[in-house]
$ cat entry_25.txt   # compact mmCIF, C-alpha atoms and all ligand atoms
# COMPACT_ATOMS: atom_id res chain seq x y z
CA MET Q 1 -9.89 28.46 -17.84
CA SER Q 2 -6.16 28.91 -18.25
CA THR Q 3 -3.84 26.01 -17.51
CA MET Q 4 -0.72 28.12 -17.96
CA PRO Q 5 1.62 27.79 -15.03
CA THR Q 6 1.54 30.95 -12.97
CA PRO Q 7 4.75 31.21 -11.03
CA GLY Q 8 4.22 32.38 -7.49
CA ALA Q 9 0.42 32.05 -7.65
CA VAL Q 10 -1.36 30.63 -4.60
CA PRO Q 11 -2.33 26.99 -5.28
CA PRO Q 12 -5.76 25.67 -4.22
CA PRO Q 13 -6.04 24.53 -0.57
CA ALA Q 14 -3.62 21.65 -0.62
CA LEU Q 15 -2.75 18.63 1.41
CA ARG Q 16 0.60 18.66 3.14
CA PRO Q 17 2.80 15.95 4.66
CA PRO Q 18 2.94 15.70 8.47
CA ALA Q 19 5.01 18.49 10.05
CA ASP Q 20 6.93 18.55 13.34
CA GLY Q 21 4.52 17.85 16.18
CA GLU Q 22 2.34 15.60 13.99
CA CYS Q 23 2.58 11.82 13.78
CA GLN Q 24 4.73 10.81 10.80
CA PHE Q 25 2.65 7.65 10.31
CA CYS Q 26 -0.96 8.79 10.68
CA GLY Q 27 -0.66 12.61 10.74
CA SER Q 28 -2.50 12.92 14.08
CA HIS Q 29 -1.56 15.26 16.90
CA PRO Q 30 -0.22 15.61 19.51
CA ALA Q 31 3.02 13.76 18.84
CA ALA Q 32 6.45 13.46 20.44
CA HIS Q 33 9.83 12.95 18.75
CA VAL Q 34 11.12 9.58 19.91
CA SER Q 35 13.35 6.75 18.79
CA PHE Q 36 12.79 3.06 19.42
CA GLN Q 37 15.45 0.44 18.79
CA SER Q 38 15.64 -3.31 18.62
CA MET Q 39 18.55 -5.70 18.29
CA THR Q 40 19.10 -8.98 16.48
CA SER Q 41 22.14 -11.03 17.40
CA ILE Q 42 23.71 -14.09 15.77
CA VAL Q 43 26.89 -15.53 17.33
CA ILE Q 44 29.40 -12.63 17.25
CA LEU Q 45 27.27 -10.29 15.11
CA TYR Q 46 24.51 -7.96 16.14
CA VAL Q 47 22.31 -5.63 14.10
CA VAL Q 48 20.45 -2.68 15.58
CA SER Q 49 17.37 -1.34 13.83
CA ALA Q 50 15.90 1.99 14.85
CA GLN Q 51 12.82 4.03 14.04
CA ARG Q 52 12.94 7.75 14.80
CA GLY Q 53 10.50 10.57 14.34
CA TRP Q 54 7.31 12.20 15.50
CA MET Q 55 4.76 9.68 16.79
CA CYS Q 56 1.33 9.95 18.33
CA ARG Q 57 0.38 7.95 21.42
CA ASN Q 58 -1.05 4.95 19.53
CA CYS Q 59 1.63 4.69 16.83
CA GLY Q 60 4.39 5.19 19.42
CA LEU Q 61 3.02 2.52 21.75
CA SER Q 62 2.60 0.12 18.83
CA LEU Q 63 6.21 0.67 17.71
CA TYR Q 64 7.56 0.36 21.26
CA ARG Q 65 5.85 -3.01 21.65
CA HIS Q 66 7.06 -4.14 18.22
CA HIS Q 67 10.71 -3.27 18.95
CA ALA Q 68 10.75 -4.58 22.54
CA ASN Q 69 9.19 -7.86 21.37
CA LYS Q 70 11.73 -8.12 18.55
CA THR Q 71 14.67 -7.59 20.94
CA MET Q 72 13.31 -10.25 23.30
CA LEU Q 73 12.93 -12.71 20.42
CA ALA Q 74 16.08 -12.04 18.43
CA ALA Q 75 18.82 -10.82 20.78
CA TRP Q 76 19.31 -14.08 22.71
CA TRP Q 77 21.29 -15.88 20.02
CA GLY Q 78 24.70 -14.22 20.26
CA VAL Q 79 26.82 -11.52 21.88
CA GLY Q 80 23.83 -9.18 21.85
CA ILE Q 81 22.46 -11.02 24.87
CA ILE Q 82 24.40 -8.59 27.10
CA GLY Q 83 22.54 -5.67 25.55
CA ILE Q 84 18.99 -6.98 26.12
CA PRO Q 85 18.36 -5.17 29.45
CA ILE Q 86 19.95 -1.96 28.11
CA PHE Q 87 17.83 -1.89 24.94
CA LEU Q 88 14.64 -2.77 26.81
CA GLY Q 89 15.38 -0.18 29.52
CA ILE Q 90 16.14 2.67 27.13
CA ASP Q 91 13.07 1.97 24.98
CA ARG Q 92 10.91 1.82 28.11
CA LEU Q 93 12.28 5.19 29.32
CA ARG Q 94 11.53 6.76 25.94
CA LEU Q 95 8.01 5.33 26.02
CA ARG Q 96 7.22 7.64 28.95
CA ARG Q 97 7.19 10.63 26.58
CA ILE Q 98 4.65 8.80 24.39
CA LEU Q 99 2.41 7.77 27.30
CA ARG Q 100 2.23 11.38 28.49
CA LEU Q 101 0.55 12.41 25.21
CA ALA Q 102 -3.20 12.94 24.90
CA PRO Q 103 -5.06 10.47 22.62
CA PRO Q 104 -4.41 11.21 18.91
CA GLN Q 105 -6.71 13.58 17.03
CA PRO Q 106 -6.74 13.72 13.20
CA THR Q 107 -5.13 16.86 11.73
CA PRO Q 108 -7.20 18.37 8.89
CA GLY Q 109 -5.24 18.97 5.67
CA VAL Q 110 -2.47 16.50 6.49
CA ALA Q 111 -1.81 13.57 4.17
CA ALA Q 112 -0.29 10.56 5.92
CA SER Q 113 0.74 7.05 4.99
CA LEU Q 114 -1.80 5.52 7.39
CA PRO Q 115 -5.51 6.42 7.38
CA ALA Q 116 -5.71 6.10 11.19
CA PRO Q 117 -3.36 5.67 14.17
CA LEU Q 118 -1.80 2.22 14.51
CA ASP Q 119 -3.48 -0.28 16.80
CA PRO Q 120 -1.16 -0.61 19.82
CA GLY Q 121 -1.89 -4.36 19.77
CA LYS Q 122 -1.37 -6.91 22.53
CA PRO Q 123 0.48 -5.88 25.70
CA LEU Q 124 4.16 -6.79 25.66
CA ILE Q 125 3.77 -9.55 28.26
CA GLN Q 126 1.39 -11.44 25.94
CA ARG Q 127 3.77 -11.38 22.98
CA PRO Q 128 6.07 -14.27 21.90
CA GLY Q 129 9.26 -12.35 22.81
CA ALA Q 130 8.22 -11.90 26.44
CA ILE Q 131 7.06 -15.51 26.75
CA LEU Q 132 10.33 -16.80 25.23
CA SER Q 133 12.39 -14.53 27.49
CA ILE Q 134 10.55 -15.68 30.62
CA VAL Q 135 11.16 -19.33 29.63
CA LEU Q 136 14.86 -18.72 28.86
CA VAL Q 137 15.48 -16.74 32.06
CA THR Q 138 13.71 -19.45 34.12
CA VAL Q 139 15.81 -22.19 32.48
CA LEU Q 140 19.00 -20.16 33.07
CA VAL Q 141 18.14 -19.56 36.73
CA LEU Q 142 17.32 -23.27 37.22
CA VAL Q 143 20.53 -24.42 35.51
CA ILE Q 144 22.69 -22.01 37.53
CA GLY Q 145 20.77 -22.86 40.75
CA CYS Q 146 21.09 -26.65 40.23
CA GLY Q 147 24.74 -26.22 39.27
CA ALA Q 148 25.41 -24.24 42.46
CA LEU Q 149 23.56 -26.84 44.57
CA ALA Q 150 25.48 -29.72 42.95
CA PHE Q 151 28.75 -27.83 43.47
CA GLY Q 152 27.82 -27.16 47.11
CA ALA Q 153 26.92 -30.87 47.67
CA SER Q 154 30.24 -32.07 46.19
CA GLU Q 155 32.30 -29.84 48.48
CA MET B 156 18.89 27.91 -11.09
CA GLU B 157 20.79 24.71 -11.84
CA LEU B 158 21.96 22.26 -9.22
CA GLU B 159 25.26 20.46 -9.71
CA ARG B 160 26.99 17.79 -7.67
CA ASN B 161 29.84 18.91 -5.44
CA TRP B 162 32.97 16.81 -4.84
CA LYS B 163 31.48 14.61 -2.11
CA PRO B 164 29.56 12.09 -4.26
CA TYR B 165 32.65 11.78 -6.53
CA ALA B 166 35.00 11.16 -3.61
CA LYS B 167 32.83 8.62 -1.80
CA GLY B 168 33.34 5.74 -4.30
CA PRO B 169 37.16 5.97 -4.55
CA ALA B 170 37.44 6.42 -0.76
CA LEU B 171 35.44 3.24 -0.16
CA LEU B 172 37.49 1.33 -2.76
CA VAL B 173 40.75 2.39 -1.07
CA LEU B 174 39.24 1.29 2.25
CA ALA B 175 38.33 -2.07 0.67
CA VAL B 176 41.97 -2.63 -0.39
CA VAL B 177 43.26 -1.70 3.08
CA LEU B 178 40.72 -4.06 4.69
CA ALA B 179 41.63 -6.88 2.28
CA PHE B 180 45.20 -6.67 3.60
CA SER B 181 44.14 -5.90 7.18
CA PRO B 182 45.25 -9.31 8.56
CA GLU B 183 48.79 -8.69 7.19
CA ILE B 184 48.77 -5.07 8.41
CA LEU B 185 47.65 -6.18 11.88
CA SER B 186 50.23 -8.98 12.07
CA ALA B 187 52.98 -6.49 11.09
CA MET B 188 51.80 -4.48 14.12
CA GLY B 189 51.94 -7.64 16.23
CA ARG B 190 48.16 -7.94 16.55
CA GLU B 191 45.34 -10.00 15.05
CA PHE B 192 41.55 -10.13 14.71
CA THR B 193 40.03 -11.65 17.86
CA PHE B 194 37.49 -13.64 15.84
CA GLY B 195 39.73 -14.54 12.87
CA ASN B 196 40.89 -12.99 9.59
CA TRP B 197 37.54 -13.54 7.91
CA VAL B 198 36.24 -10.43 9.76
CA GLY B 199 38.65 -8.29 7.69
CA TYR B 200 37.65 -10.01 4.44
CA VAL B 201 33.92 -9.58 5.10
CA MET B 202 34.44 -5.86 5.84
CA ALA B 203 36.56 -5.55 2.66
CA LEU B 204 33.75 -7.13 0.63
CA LEU B 205 31.17 -4.73 2.10
CA ALA B 206 33.42 -1.73 1.34
CA LEU B 207 33.94 -3.03 -2.22
CA ILE B 208 30.19 -3.37 -2.82
CA GLY B 209 29.55 0.09 -1.33
CA GLY B 210 32.40 1.64 -3.31
CA LEU B 211 31.28 0.18 -6.66
CA GLY B 212 27.71 1.34 -5.96
CA ALA B 213 28.92 4.87 -5.14
CA VAL B 214 31.09 5.04 -8.27
CA ARG B 215 28.18 3.87 -10.42
CA GLU B 216 25.85 6.43 -8.81
CA SER B 217 28.33 9.31 -9.31
CA ARG B 218 28.68 8.44 -13.00
CA GLN B 219 24.94 8.69 -13.57
CA ALA B 220 23.59 11.89 -15.09
CA PHE B 221 22.22 14.30 -12.47
CA ALA B 222 20.61 17.66 -13.13
CA VAL B 223 18.00 19.77 -11.38
CA ARG B 224 16.75 23.07 -12.76
CA ILE B 225 14.46 25.34 -10.78
CA GLY B 226 12.90 27.94 -13.05
CA GLU B 227 9.79 29.87 -14.04
CA GLN B 228 8.12 26.85 -15.63
CA GLY B 229 8.80 24.43 -12.81
CA ILE B 230 11.43 21.94 -11.76
CA ASN B 231 13.25 19.71 -14.29
CA TRP B 232 14.91 16.71 -12.78
CA THR B 233 17.26 14.27 -14.51
CA ARG B 234 18.58 11.16 -12.83
CA GLY B 235 20.35 8.56 -14.93
CA GLU B 236 18.46 8.15 -18.19
CA ALA B 237 15.15 9.49 -16.87
CA THR B 238 13.95 13.09 -16.84
CA VAL B 239 10.87 14.38 -15.05
CA ASP B 240 9.40 17.84 -15.59
CA PHE B 241 7.32 19.10 -12.68
CA ALA B 242 5.29 22.09 -13.94
CA TRP B 243 4.48 24.52 -11.11
CA SER B 244 0.79 23.89 -11.78
CA ASP B 245 1.31 20.22 -10.81
CA VAL B 246 3.37 20.91 -7.70
CA THR B 247 1.45 21.11 -4.43
CA ARG B 248 4.46 21.82 -2.31
CA VAL B 249 8.22 21.93 -2.54
CA ALA B 250 10.47 21.98 0.48
CA VAL B 251 13.86 21.11 1.89
CA GLU B 252 13.13 18.31 4.31
CA LYS B 253 14.89 15.90 6.64
CA LYS B 254 15.71 12.39 5.52
CA PRO B 255 13.13 9.84 6.63
CA ASN B 256 14.12 8.34 10.01
CA ALA B 257 16.45 11.31 10.66
CA GLY B 258 17.46 12.26 14.18
CA LYS B 259 16.01 15.37 15.81
CA LEU B 260 19.23 17.37 15.42
CA GLU B 261 19.81 16.54 11.74
CA LYS B 262 19.46 19.53 9.40
CA PRO B 263 16.94 19.28 6.53
CA SER B 264 18.78 18.65 3.25
CA ILE B 265 16.50 16.73 0.90
CA LEU B 266 14.86 18.84 -1.81
CA THR B 267 11.41 17.21 -1.99
CA VAL B 268 8.72 17.88 -4.59
CA TRP B 269 5.15 16.98 -3.59
CA VAL B 270 2.39 16.38 -6.14
CA ALA B 271 -1.26 15.56 -5.51
CA ASP B 272 -1.93 13.75 -8.82
CA GLN B 273 -1.53 10.05 -9.60
CA THR B 274 0.33 10.61 -12.90
CA GLU B 275 2.97 7.97 -13.65
CA ARG B 276 6.32 9.69 -14.13
CA ALA B 277 9.65 8.40 -15.47
CA LEU B 278 10.96 8.15 -11.89
CA SER B 279 8.93 6.64 -9.08
CA PRO B 280 8.02 8.61 -5.93
CA ASP B 281 10.06 8.12 -2.76
CA ILE B 282 7.12 8.73 -0.40
CA GLU B 283 3.49 7.75 -0.95
CA LEU B 284 0.91 9.33 1.34
CA THR B 285 -2.85 9.24 0.94
CA GLY B 286 -3.41 11.86 -1.79
CA LEU B 287 0.20 13.06 -1.91
CA ARG B 288 3.40 11.77 -3.49
CA GLY B 289 6.88 12.99 -2.64
CA TYR B 290 9.95 12.87 -4.88
CA HIS B 291 13.43 13.21 -3.35
CA VAL B 292 14.98 15.29 -6.11
CA ALA B 293 18.36 16.13 -4.56
CA ASP B 294 20.35 15.94 -1.35
CA LEU B 295 21.70 19.46 -0.86
CA LYS B 296 24.64 18.09 1.14
CA SER B 297 26.05 16.81 -2.14
CA THR B 298 25.37 19.84 -4.36
CA LYS B 299 27.58 22.85 -5.08
CA GLN B 300 24.64 25.15 -4.42
CA SER B 301 23.89 25.81 -0.76
CA ARG B 302 20.55 25.30 0.96
CA ASP B 303 20.15 29.10 1.22
CA GLN B 304 20.59 29.53 -2.54
CA VAL B 305 18.12 26.75 -3.29
CA GLU B 306 15.57 28.16 -0.84
CA ALA B 307 15.89 31.60 -2.42
CA ALA B 308 15.12 30.06 -5.83
CA LEU B 309 12.16 28.13 -4.41
CA ARG B 310 10.77 31.32 -2.83
CA GLN B 311 11.25 33.20 -6.08
CA TYR B 312 9.68 30.65 -8.42
CA GLY B 313 7.61 28.39 -6.21
CA GLY B 314 5.78 31.12 -4.30
CA ASP B 315 3.40 29.66 -1.72
CA ARG B 316 4.30 26.12 -2.71
CA TYR B 317 7.44 26.70 -0.73
CA PRO B 318 6.51 26.88 2.97
CA ALA B 319 8.56 28.84 5.48
CA PRO B 320 11.23 26.48 6.79
CA ALA B 321 10.67 25.15 10.28
CA ASN B 322 14.32 25.42 11.26
ZN ZN J 401 0.08 8.08 14.67

$ encode --input "entry_25.txt" --output "structure tokens" --more "lines below"
Ligand SMILES: [Zn+2]
Amino acid sequence: MSTMPTPGAVPPPALRPPADGECQFCGSHPAAHVSFQSMTSIVILYVVSAQRGWMCRNCGLSLYRHHANKTMLAAWWGVGIIGIPIFLGIDRLRLRRILRLAPPQPTPGVAASLPAPLDPGKPLIQRPGAILSIVLVTVLVLVIGCGALAFGASE
Amino acid sequence: MELERNWKPYAKGPALLVLAVVLAFSPEILSAMGREFTFGNWVGYVMALLALIGGLGAVRESRQAFAVRIGEQGINWTRGEATVDFAWSDVTRVAVEKKPNAGKLEKPSILTVWVADQTERALSPDIELTGLRGYHVADLKSTKQSRDQVEAALRQYGGDRYPAPAN
């Protein structure tokens, strides 16, 4: 058998990386091109991290929950606080494209970095970010409410 | 076909270094204009430091050896002190692809060589998939040769390893 390179010859049936329309993480289809972002804020600084690309239903949902949870944990501690509803709202709007997809099916011949679609994990409301945000919002509402009452009583 | 750097990677370092100098004096420049940083002068100094680090990195990168040759035997790739020869028989696929995490509208520009073996090479792969490794050989935005020229060479020498571009 010759091992000489044969330019232009057809190679044996080969694996390929995920193409457009296939999940960039697990290679499954169908997939949608989406972008999810999260924000971390410390005093006057804020850092936005984003993940873009083709995602199947499971990987997309998993990433949405990861980023939304991260924003709700890390954006409270500086100027980024103003952006929390915007980031959460935009990510949630983008999630609609992911939720419209059929469940992921493996694509034969595609090599991916994950052997199977990501586990979407716990719902957002059960994650630390949501719990922290509910506590912080409740405290804020109480403080503002008590302050308003005290102000009203002193009038 | 040989790939060479265009002017962009050479200009990036000096441009960032000039920016670093301007930023280092930004508090003085702003005060001459009757203005100041809302959060204090340290903002200008931090930005100057970031530009300095980026500029030195870009200068260092542009001084490294860089060569890519696409020919009948395969693809020879030199970066810094390391050289990797991809024989066509080892290459599963070669394509001009988008950067990872690229936006939908971004044009593909990264010449990527995919191999199915687990051979250790002088440069490490940029992407590891199950059964496939990808090497980012060149960014065609910073080469003298255009994407069309490179794709013509890939079609000529790579045959079916070069898939029809998606866009
Ligand atoms: Zn997936």

$ interface_residues --input "entry_25.txt" --of "chain B" --to "chain Q" --cutoff "8 Å" --atoms "only C-alpha atoms" --output "ChimeraX atom specification"
/B:227-228,242-244,247-248,256-259,271,283-287,311-316

$ closest_residue --input "entry_25.txt" --among "B:Arg160, B:Arg224, B:Lys254, B:Arg288" --to "Val270 of chain B" --atoms "all atoms listed in the file"
B:Arg288

$ residues_around --input "entry_25.txt" --residues "Val223 of chain B" --least-positions-apart "5" --cutoff "9 Å" --atoms "all atoms listed in the file" --output "VMD selection string"
chain B and resid 156 to 159 230 to 234 292 to 293

$ write_last_selection --input "entry_25.txt" --atoms "C-alpha atoms" --output "compact mmCIF listing (two decimals), in the frame of the given file"
# COMPACT_ATOMS: atom_id res chain seq x y z
CA MET B 156 18.89 27.91 -11.09
CA GLU B 157 20.79 24.71 -11.84
CA LEU B 158 21.96 22.26 -9.22
CA GLU B 159 25.26 20.46 -9.71
CA ILE B 230 11.43 21.94 -11.76
CA ASN B 231 13.25 19.71 -14.29
CA TRP B 232 14.91 16.71 -12.78
CA THR B 233 17.26 14.27 -14.51
CA ARG B 234 18.58 11.16 -12.83
CA VAL B 292 14.98 15.29 -6.11
CA ALA B 293 18.36 16.13 -4.56

$ residues_near_ligand --input "entry_25.txt" --ligand "ligand ZN 401 (chain J)" --cutoff "7 Å" --atoms "all atoms listed in the file" --output "JSON, numbers by chain"
{"Q": [23, 24, 25, 26, 27, 28, 55, 56, 57, 58, 59, 104, 117, 118]}

$ axis_aligned_box --input "entry_25.txt" --around "segment 234-245 of chain B" --padding-each-side "4 Å" --output "lines of an AutoDock Vina configuration file"
center_x = 10.6
center_y = 16.3
center_z = -14.5
size_x = 27.6
size_y = 24.4
size_z = 15.4

$ atom_distance --input "entry_25.txt" --atom1 "atom CA of Leu278 of chain B" --atom2 "atom CA of Tyr290 of chain B"
8.5 Å

$ residues_around --input "entry_25.txt" --residues "Tyr317 of chain B" --least-positions-apart "6" --cutoff "10 Å" --atoms "all atoms listed in the file" --output "JSON, numbers by chain"
{"Q": [8], "B": [246, 247, 248, 249, 250, 251, 268, 306, 307, 308, 309, 310, 311]}

$ residues_around --input "entry_25.txt" --residues "Leu171 of chain B" --least-positions-apart "4" --cutoff "9 Å" --atoms "all atoms listed in the file" --output "list in words"
Ala166, Lys167, Ala175, Val176, Ala206, Leu207, Ile208, Gly209, Gly210, Leu211 and Ala213 of chain B

$ write_last_selection --input "entry_25.txt" --atoms "C-alpha atoms" --output "compact mmCIF listing (two decimals), in the coordinates of the input"
# COMPACT_ATOMS: atom_id res chain seq x y z
CA ALA B 166 35.00 11.16 -3.61
CA LYS B 167 32.83 8.62 -1.80
CA ALA B 175 38.33 -2.07 0.67
CA VAL B 176 41.97 -2.63 -0.39
CA ALA B 206 33.42 -1.73 1.34
CA LEU B 207 33.94 -3.03 -2.22
CA ILE B 208 30.19 -3.37 -2.82
CA GLY B 209 29.55 0.09 -1.33
CA GLY B 210 32.40 1.64 -3.31
CA LEU B 211 31.28 0.18 -6.66
CA ALA B 213 28.92 4.87 -5.14

$ atom_distance --input "entry_25.txt" --atom1 "atom CA of Leu101 of chain Q" --atom2 "atom CA of Gly121 of chain Q"
17.8 Å

$ closest_residue --input "entry_25.txt" --among "Q:His66, Q:Thr71, Q:Leu132, Q:Phe36" --to "Leu93 of chain Q" --atoms "all atoms listed in the file"
Q:Phe36

$ residues_around --input "entry_25.txt" --residues "Leu295 of chain B" --least-positions-apart "3" --cutoff "7 Å" --atoms "only C-alpha atoms" --output "list in words"
Ser264, Ile265, Leu266, Thr298, Ser301 and Arg302 of chain B

$ write_last_selection --input "entry_25.txt" --atoms "C-alpha atoms" --output "PDB file, in the coordinates of the input"
ATOM      1  CA  SER B 264      18.780  18.650   3.250  1.00  0.00           C
ATOM      2  CA  ILE B 265      16.500  16.730   0.900  1.00  0.00           C
ATOM      3  CA  LEU B 266      14.860  18.840  -1.810  1.00  0.00           C
ATOM      4  CA  THR B 298      25.370  19.840  -4.360  1.00  0.00           C
ATOM      5  CA  SER B 301      23.890  25.810  -0.760  1.00  0.00           C
ATOM      6  CA  ARG B 302      20.550  25.300   0.960  1.00  0.00           C
TER       7      ARG B 302
END
